[in-house]
Amino acid sequence: MTVSPNRITDPPPTSAGTFLGMTEPLHRDLDWLKARMAEVETPETTAALDDLRKLVGAPDPGRPPVLDSLSTEAIGRLLTHLAIGFHLRNKAEQHHIVRVNRRRELEATPETPRAESIDEACRTLATRGLGAADVEAILGRLDIEPTLTAHPTEARRRSVIRKQARIGQLLAILEPPERTPAEIEAAASEARRLLGLLFATDEIRTRRLDVSDEVRTGVHHLSTTIWDAVPQIHRDVRRAARECWGVDLDAPGFLRYRSWIGGDRDGNPRVTAAFTRETLEAMRQAAVDGHLRDLDALENELSLSDRRVPVLPELEAAVEADGDLVPLDPASIRHLDHEPIRRRVHQLRARLRTGSIGGSELAEAIDLIRRAVRFAGLPEVADRGRPNLSK
């Protein structure tokens, strides 16, 4: 495939007259990234890169003569280019893995699910005579607990990782359906902008990671990737079971995370009992912030009016019971007079902020909201949650 900032054309055939199949899109993505990097590169580095590429695969290239003519600063720029290119190649390969799995998903059927998927696991269990109740019992005994280590091996700064990840996301512009020239140019422009920032940013920290950095890194992963992935895996299990057996499983929390961060007594004098308490508080606050974000999304979603749907009496009782415990500003909730679920979410947010509700009670309160939505006649909203269509 030939890629320019403004146009994508059909890929050329190989020398054998056939296309490269599933590997061709990966080559297309790599060519697009290479072109964007060339657009922000200095002429000196571009020339040096061209000379180095000519030496690749040579029987005995020896010392590349091009390096003798470069200043130390220019060699540093060259190495930076190669390092950024290496990480972007990884992003392209990750994007390609998603593409391959999506293609396999499209080709799958209920009888032959995608290999190594949750759907295939459910189908295999069903062919062996297990029913939904059996699987639910198995999940009840399942306890998967990955452990976050206390010493992160990732040296790149989060600002660098985020920019590289965003450039990788831009590769979606090359996927069908057809894009307009303006859309393609906008993606290329953003890639050039991010690359310019990457070349101007120190890739690694100027000082060695300490225990505080380890905590911040661990909390970041817990509150972003892990926070999103764990419920998605549970949703996938429920969906696969529903498609296989036609029922909604009451899937327990079988995937949990352990952590040594801020508590690994490996001889570091800074890992004290006080520091471990601070770490636990940081993780608790990250969890509170995550629940607050989710409650905000829940309030935006659940705009049910008691003038249109029935209200679960148990929910009304909970709203009334917490009325004195968490009095809300009348001005801030005057638009919620006929929306008891939103009023309940407001109460839960207030209790989270003041620390007057624990994890178990919050889970029970959320389950009550789920039952109230089902009672209102919206079972799919209640039982299947908000799908993440961006992934």
# chains A, B, ... in the order shown; residues from 1 in each chain; ligands from 1

call {"tool": "residues_around", "arguments": {"residues": "range 243-249 of chain A", "least_positions_apart": "5", "cutoff": "9 Å", "atoms": "only C-alpha atoms", "output": "number ranges by chain"}}
result
A: 110, 119, 122-123, 126, 131-133, 135-136, 237-238, 383

call {"tool": "write_last_selection", "arguments": {"atoms": "C-alpha atoms", "output": "PDB file, in the first residue's frame"}}
result
ATOM      1  CA  PRO A 110     -20.977 -19.591  17.422  1.00  0.00           C
ATOM      2  CA  ASP A 119     -15.982 -17.890  23.796  1.00  0.00           C
ATOM      3  CA  CYS A 122     -17.172 -21.757  27.069  1.00  0.00           C
ATOM      4  CA  ARG A 123     -17.906 -23.734  23.906  1.00  0.00           C
ATOM      5  CA  ALA A 126     -20.358 -26.996  26.842  1.00  0.00           C
ATOM      6  CA  GLY A 131     -23.830 -26.226  31.992  1.00  0.00           C
ATOM      7  CA  ALA A 132     -24.019 -22.620  33.131  1.00  0.00           C
ATOM      8  CA  ALA A 133     -24.411 -23.650  36.784  1.00  0.00           C
ATOM      9  CA  VAL A 135     -19.274 -22.860  35.088  1.00  0.00           C
ATOM     10  CA  GLU A 136     -20.610 -20.495  37.727  1.00  0.00           C
ATOM     11  CA  VAL A 237     -17.156 -13.918  30.536  1.00  0.00           C
ATOM     12  CA  ARG A 238     -20.815 -13.021  31.108  1.00  0.00           C
ATOM     13  CA  ASP A 383     -27.279  -6.491  33.511  1.00  0.00           C
TER      14      ASP A 383
END

call {"tool": "residues_around", "arguments": {"residues": "range 167-183 of chain A", "least_positions_apart": "3", "cutoff": "7 Å", "atoms": "only C-alpha atoms", "output": "MDAnalysis selection string"}}
result
chainID A and resid 6:7 29 88 91:92 163:164 186:187 191

call {"tool": "residues_around", "arguments": {"residues": "Ile97 in chain A", "least_positions_apart": "6", "cutoff": "12 Å", "atoms": "only C-alpha atoms", "output": "list in words"}}
result
Met22, Thr23, Pro25, Leu26, Asn90, Lys91, Arg103 and Arg104 of chain A

call {"tool": "closest_residue", "arguments": {"among": "A:Asp322, A:Glu314, A:Glu301, A:Asp289", "to": "Ala382 in chain A", "atoms": "only C-alpha atoms"}}
result
A:Glu301

call {"tool": "closest_residue", "arguments": {"among": "A:Asp324, A:Glu93, A:Asp31, A:Asp337", "to": "Arg351 in chain A", "atoms": "only C-alpha atoms"}}
result
A:Asp324

call {"tool": "residues_around", "arguments": {"residues": "Glu120 in chain A", "least_positions_apart": "4", "cutoff": "12 Å", "atoms": "only C-alpha atoms", "output": "number ranges by chain"}}
result
A: 105, 108-116, 124-127, 236-237, 240-241, 243-244

call {"tool": "select_by_dssp", "arguments": {"residues": "range 224-372 of chain A", "states": "helix (DSSP H, G or I)", "output": "PyMOL selection string"}}
result
chain A and resi 224-245+273-301+313-325+330-336+340-354+359-372

call {"tool": "closest_residue", "arguments": {"among": "A:Arg53, A:Glu73, A:Ser360, A:Ala287", "to": "Thr224 in chain A", "atoms": "only C-alpha atoms"}}
result
A:Ala287
